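Peer 1: Got a structure here, written out as structure tokens. Questions coming.
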Amino acid sequence: MKKKGIVPMSSDIYKSILAKIRHLDRATLLILLLLFLFAIVQVLFRGYEFGISDHSIEIPFIKKNIEGSLYPDDPMVDTKDEFVTFYTWIPAILTMITDNMEIVFFSLQVLAFFLMAVMVYYICLRLFND
């Protein structure tokens, strides 16, 4: 009987993913770099503000994940266990590592935009055959 781990993928899959990354040609690396720069530049045009909009709900959830004794009788924060998402745990872990929630939120914003741009690029390649 196999022991179940946190990640069900074998080490062979990780090795094949790393091999594919190592064999990327320069053109692909340049395109990925340009898409990353595009993700950075979009913040300059669109702007970024911390603590507004849905952050007013997410920040207390994240702080509660970091320090369980916060907000002891808050009915809104007590609903955090009803949310089916890892989004309150990932920033909480990163905030514990970096000790700066603003940088974590900003980095996740840039990363999300970069990944979206990469996906759109590869979808366009598939749809229009290069």
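Ordering of the structure tokens sets the chain letters (A, B, ...), residue numbers begin anew at 1 in every chain, and ligands are numbered from 1 in the order given.
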Where does segment 29-109 of chain A meet segment 121-129 of chain A within 10 Å, residue by residue, with the nearest atom pair and distance in Å to one decimal for each, counting only C-alpha atoms, listed by chain and rising number, as JSON lines?
Peer 2:
{"residue": "A:Ile31", "atom": "CA", "partner": "A:Tyr121", "partner_atom": "CA", "distance": 9.2}
{"residue": "A:Leu32", "atom": "CA", "partner": "A:Tyr121", "partner_atom": "CA", "distance": 9.5}
{"residue": "A:Leu35", "atom": "CA", "partner": "A:Tyr121", "partner_atom": "CA", "distance": 8.9}
Peer 1: For the structure I just gave you, how does DSSP split segment 15-77 of chain A - specifically, which residues are helix (DSSP H, G or I)? Reply as number ranges by chain.
Peer 2: A: 15-22, 26-46, 55-66, 77
Peer 1: Skipping near chain neighbours, those fewer than 3 positions away, what residues fall within 8 Å of Asn65 of chain A using only C-alpha atoms, listed as a list in words?
Peer 2: Phe61, Ile62, Gly68, Thr88, Trp89 and Ala92 of chain A
Peer 1: Once you have the residues from the selection above, write them out as a PDB file, in the first residue's frame, restricted to N, CA and C atoms.
Peer 2:
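Output (out_16.pdb):
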ATOM      1  N   PHE A  61      -9.333  38.128   7.544  1.00  0.00           N
ATOM      2  CA  PHE A  61      -9.231  36.679   7.418  1.00  0.00           C
ATOM      3  C   PHE A  61      -7.777  36.227   7.501  1.00  0.00           C
ATOM      4  N   ILE A  62      -6.910  36.941   6.798  1.00  0.00           N
ATOM      5  CA  ILE A  62      -5.488  36.584   6.781  1.00  0.00           C
ATOM      6  C   ILE A  62      -4.878  36.796   8.159  1.00  0.00           C
ATOM      7  N   GLY A  68      -4.578  33.378  15.656  1.00  0.00           N
ATOM      8  CA  GLY A  68      -5.924  32.864  15.894  1.00  0.00           C
ATOM      9  C   GLY A  68      -6.707  33.582  16.976  1.00  0.00           C
ATOM     10  N   THR A  88      -6.875  32.826   1.452  1.00  0.00           N
ATOM     11  CA  THR A  88      -6.581  33.422   2.758  1.00  0.00           C
ATOM     12  C   THR A  88      -5.386  32.747   3.425  1.00  0.00           C
ATOM     13  N   TRP A  89      -5.066  31.541   3.015  1.00  0.00           N
ATOM     14  CA  TRP A  89      -3.923  30.840   3.616  1.00  0.00           C
ATOM     15  C   TRP A  89      -2.610  31.166   2.920  1.00  0.00           C
ATOM     16  N   ALA A  92      -1.339  34.454   4.021  1.00  0.00           N
ATOM     17  CA  ALA A  92      -0.997  34.361   5.446  1.00  0.00           C
ATOM     18  C   ALA A  92       0.379  33.729   5.623  1.00  0.00           C
TER      19      ALA A  92
END
Peer 1: Just to confirm, what's the straight-line distance from atom CA of Leu115 of chain A to atom CA of Glu49 of chain A in Å (one decimal)?
Peer 2: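 One can read the atom CA of Leu115 of chain A to atom CA of Glu49 of chain A distance as 20.3 Å.
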